[in-house]
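Below is one structure; the comments refer to it alone.
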Amino acid sequence: MRAYLLRRTGPPSSLLLSELPEPIPGPGEVRVRTEAVGVNFAEVLSRKGLYGWTPDRPYILGMEASGTIDAVGPGVDPGKVGASVLVGTQYGAYAEQIVVPEPRALPAVPGFTTEENAAFGVNFLTAWIALVYLARVRAEDRVSVSAAAGGVGSAAVKLASAFGCQVVALAGSEEKLRMAVDLGADVGVSYGEPNFGARLSEAVRPGGIDVALETVGGEVFDAVNSVLAPFGRAVVAGYASLDYRIWNPLTWWPAWKGVPRMPLMEMARGSKGLMATHLGYLLDDPERMRQTWETLIAFATEHEIRPLVGHVLPFDKAAEAHALMESRGSVGKIVLRL
């Protein structure tokens, strides 16, 4: 089978297709023939050697894909062969076939295209857990969403809007803000323009922000934190402004300085909180994953929510997909189609 086996870190051009043996499912495992792969910023960081949640190289990149179960291991119902699923995993999805424990092959969302199923899992679970389980979002909340036209951001805009919240979209260009408003945001503020902090403060008067989903870090997080209301909750689900090069010490201080942080006494004075989320823990807790997934799917179905697939590229264009994501020119989810 063809797969992107990451042998060394580097630029997008380091993503090269390899021919590997066809994987065989073991006890309790299923094999999925991949039809589409969702591309995530975590995989860009992994390719650069900047993501801690990875196995030792060489390994196959990729955290999510959609496809069809074509083989099962001992202990798995043979009737599952032929089922349409989407896969959530730590690595291995940039491949024509992937073997995962059975609980990590979730039923495909009825009515979604193959690309939409590949685009749904990581982004919507991240936004759902951040907004619902951590921030305990309420209809009366004003919610800010950073990178609002991206994968996680567009998911959060749709979910918060469906909850009845007032949504403040933050993005790097006016074009992306217009897209976020089309998705359900009430107002947009660009952090690609001068005086972002002052314009954000003006846009959220009076009252400030009750819930902030932050995925950028640096000056964007600082500006959001400055307008977080009493009892406000900021949830960090990424750090897209990270510009850290292992070989260049001059990048270390700016990268460390831009990490989202909130001193304890500042939190106490404002009665506000800083939280963070990562989906990895769900992989080792199948029951929690099942419950979380079913709750999310029920809400998305009720409100007719679908993921925003912004770009679909052929499977052999993974390097171009990564370059597009790093360029900040992408919108919605980038998907590789087999």
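By convention in this document, the chains of the structure tokens carry letters A, B, ... by their order, each chain's residues are numbered from 1, and ligands are numbered from 1 in the order they are shown.
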> Residues at most 6 Å from stretch 13-21 of chain A, counting only C-alpha atoms, excluding those fewer than 5 positions away in the same chain, as an MDAnalysis selection string?
Replying inline: chainID A and resid 1:4 319
> Which is closest to A:Asp210 among A:Val132, A:Ile24, A:Ile60, A:Leu228, if we use only C-alpha atoms?
Replying inline: A:Leu228
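The shell of residues at most 12 Å from A:Arg290, with only C-alpha atoms counted and near chain neighbours (fewer than 2 positions) removed, consists of A:Gly88, A:Glu102, A:Pro103, A:Arg104, A:Ala105, A:Leu106, A:Pro107, A:Leu125, A:Leu282, A:Leu283, A:Asp284, A:Asp285, A:Pro286, A:Glu287, A:Arg288, A:Thr292, A:Trp293, A:Glu294, A:Thr295, A:Leu296, A:Ile297.
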> Could you pull the residues within 10 Å of stretch 89-91 of chain A, counting only C-alpha atoms, minus those fewer than 6 positions along the same chain, as number ranges by chain?
Replying inline: A: 43, 53-55, 59-65, 98-101, 104-105, 122, 279-280, 282-283
>> Considering only C-alpha atoms, can you say which of A:Val204, A:Met179, A:Val143, A:Ala198 comes closest to A:Gly332?
In response: A:Met179
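Atom CA of A:Pro263 lies 18.4 Å from atom CA of A:Ile209.
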> Within 10 Å of A:Val152, counting only C-alpha atoms, which residues qualify if same-chain residues fewer than 3 places away don't, as a PyMOL selection string?
Replying inline: chain A and resi 40+119-120+122-128+145-149+155-157+213-215+237-238+307-308+332-333
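Using only C-alpha atoms, the protein and nucleic acid residues lying no more than 8 Å from A:Pro58, apart from those fewer than 5 places from it along its own chain, are A:Leu5, A:Leu6, A:Arg7, A:Arg8.
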Produce a file of the selected residues containing N, CA and C atoms, as an mmCIF file, in the first residue's frame.
data_model
loop_
_atom_site.group_PDB
_atom_site.id
_atom_site.type_symbol
_atom_site.label_atom_id
_atom_site.label_comp_id
_atom_site.auth_asym_id
_atom_site.auth_seq_id
_atom_site.Cartn_x
_atom_site.Cartn_y
_atom_site.Cartn_z
ATOM 1 N N LEU A 5 5.294 7.754 5.049
ATOM 2 C CA LEU A 5 6.100 7.330 6.183
ATOM 3 C C LEU A 5 7.097 8.441 6.489
ATOM 4 N N LEU A 6 6.938 9.086 7.641
ATOM 5 C CA LEU A 6 7.806 10.203 8.002
ATOM 6 C C LEU A 6 9.128 9.656 8.545
ATOM 7 N N ARG A 7 10.167 9.779 7.758
ATOM 8 C CA ARG A 7 11.486 9.283 8.161
ATOM 9 C C ARG A 7 12.338 10.378 8.778
ATOM 10 N N ARG A 8 12.101 11.625 8.385
ATOM 11 C CA ARG A 8 12.859 12.746 8.927
ATOM 12 C C ARG A 8 11.958 13.970 8.973
#
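The residue set within 6 Å of stretch 183-185 of chain A, counting only C-alpha atoms and dropping same-chain residues fewer than 3 places from it, reads Ser161, Val167, Ala169 and Ala180 of chain A.
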Would you write out those residues with N, CA and C atoms, as a JSON list (two decimals), in the first residue's frame?
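Below is the file that was written, out30.json:
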[["chain", "number", "residue", "atom", "x", "y", "z"],
["A", 161, "SER", "N", -23.05, 29.11, 17.55],
["A", 161, "SER", "CA", -24.22, 29.76, 16.97],
["A", 161, "SER", "C", -25.47, 28.91, 17.19],
["A", 167, "VAL", "N", -21.63, 35.23, 18.70],
["A", 167, "VAL", "CA", -20.30, 34.74, 18.31],
["A", 167, "VAL", "C", -19.48, 35.88, 17.71],
["A", 169, "ALA", "N", -16.16, 36.41, 15.75],
["A", 169, "ALA", "CA", -15.17, 35.70, 14.94],
["A", 169, "ALA", "C", -13.88, 36.52, 14.85],
["A", 180, "ALA", "N", -16.73, 33.55, 8.08],
["A", 180, "ALA", "CA", -17.17, 33.19, 9.42],
["A", 180, "ALA", "C", -18.57, 33.73, 9.71]]
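Minimum atom-to-atom distances from A:Val189, A:Val137, A:Ala276, A:Val331 to A:Ala223 were compared using only C-alpha atoms, and the lowest value belongs to A:Val189.
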> Hey, what does DSSP flag as alpha helix (DSSP H) within stretch 118-291 of chain A? Can you give it to me as an MDAnalysis selection string?
Replying inline: chainID A and resid 118:128 151:163 174:183 196:203 218:226 252:257 264:270 280:283 286:291
> What is the atom CA of A:Ala42 to atom CA of A:Tyr281 distance in Å?
Replying inline: 15.3 Å
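In this comparison, which uses only C-alpha atoms, the residue of A:Arg328, A:Arg33, A:Arg233, A:Arg337 approaching A:Leu313 most closely is A:Arg337.
Listed by chain and then by rising number, the residues of stretch 101-161 of chain A that DSSP assigns to strand (DSSP E or B) from the backbone are Pro101, Ala105, Leu106, Pro107, Arg142, Val143, Ser144, Val145 and Gly150 of chain A.
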Using only N, CA and C atoms, please write the residues we just selected to a file, as a CSV table (one decimal), in the first residue's frame.
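The resulting file, out.csv, is reproduced below:
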chain,number,residue,atom,x,y,z
A,101,PRO,N,-7.7,-0.2,16.7
A,101,PRO,CA,-8.7,-0.9,17.6
A,101,PRO,C,-10.1,-0.6,17.2
A,105,ALA,N,-12.8,3.2,15.2
A,105,ALA,CA,-13.5,3.3,13.9
A,105,ALA,C,-15.0,3.6,14.2
A,106,LEU,N,-15.3,4.9,14.2
A,106,LEU,CA,-16.6,5.3,14.5
A,106,LEU,C,-17.6,5.3,13.3
A,107,PRO,N,-18.8,5.0,13.6
A,107,PRO,CA,-19.8,5.0,12.4
A,107,PRO,C,-19.8,6.3,11.6
A,142,ARG,N,-21.4,35.3,25.3
A,142,ARG,CA,-20.7,35.9,24.1
A,142,ARG,C,-19.4,35.1,24.0
A,143,VAL,N,-19.2,34.5,22.8
A,143,VAL,CA,-18.1,33.5,22.5
A,143,VAL,C,-17.2,34.1,21.4
A,144,SER,N,-16.0,34.2,21.7
A,144,SER,CA,-15.0,34.5,20.7
A,144,SER,C,-14.3,33.3,20.2
A,145,VAL,N,-14.1,33.2,18.9
A,145,VAL,CA,-13.4,32.1,18.2
A,145,VAL,C,-12.3,32.6,17.4
A,150,GLY,N,-11.0,28.6,10.0
A,150,GLY,CA,-10.2,27.3,9.9
A,150,GLY,C,-11.0,26.1,10.3
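Compared by their closest atoms to A:Thr114, and using only C-alpha atoms, the residues A:Leu134, A:Ile69, A:Val227, A:Val37 rank with A:Val37 nearest.
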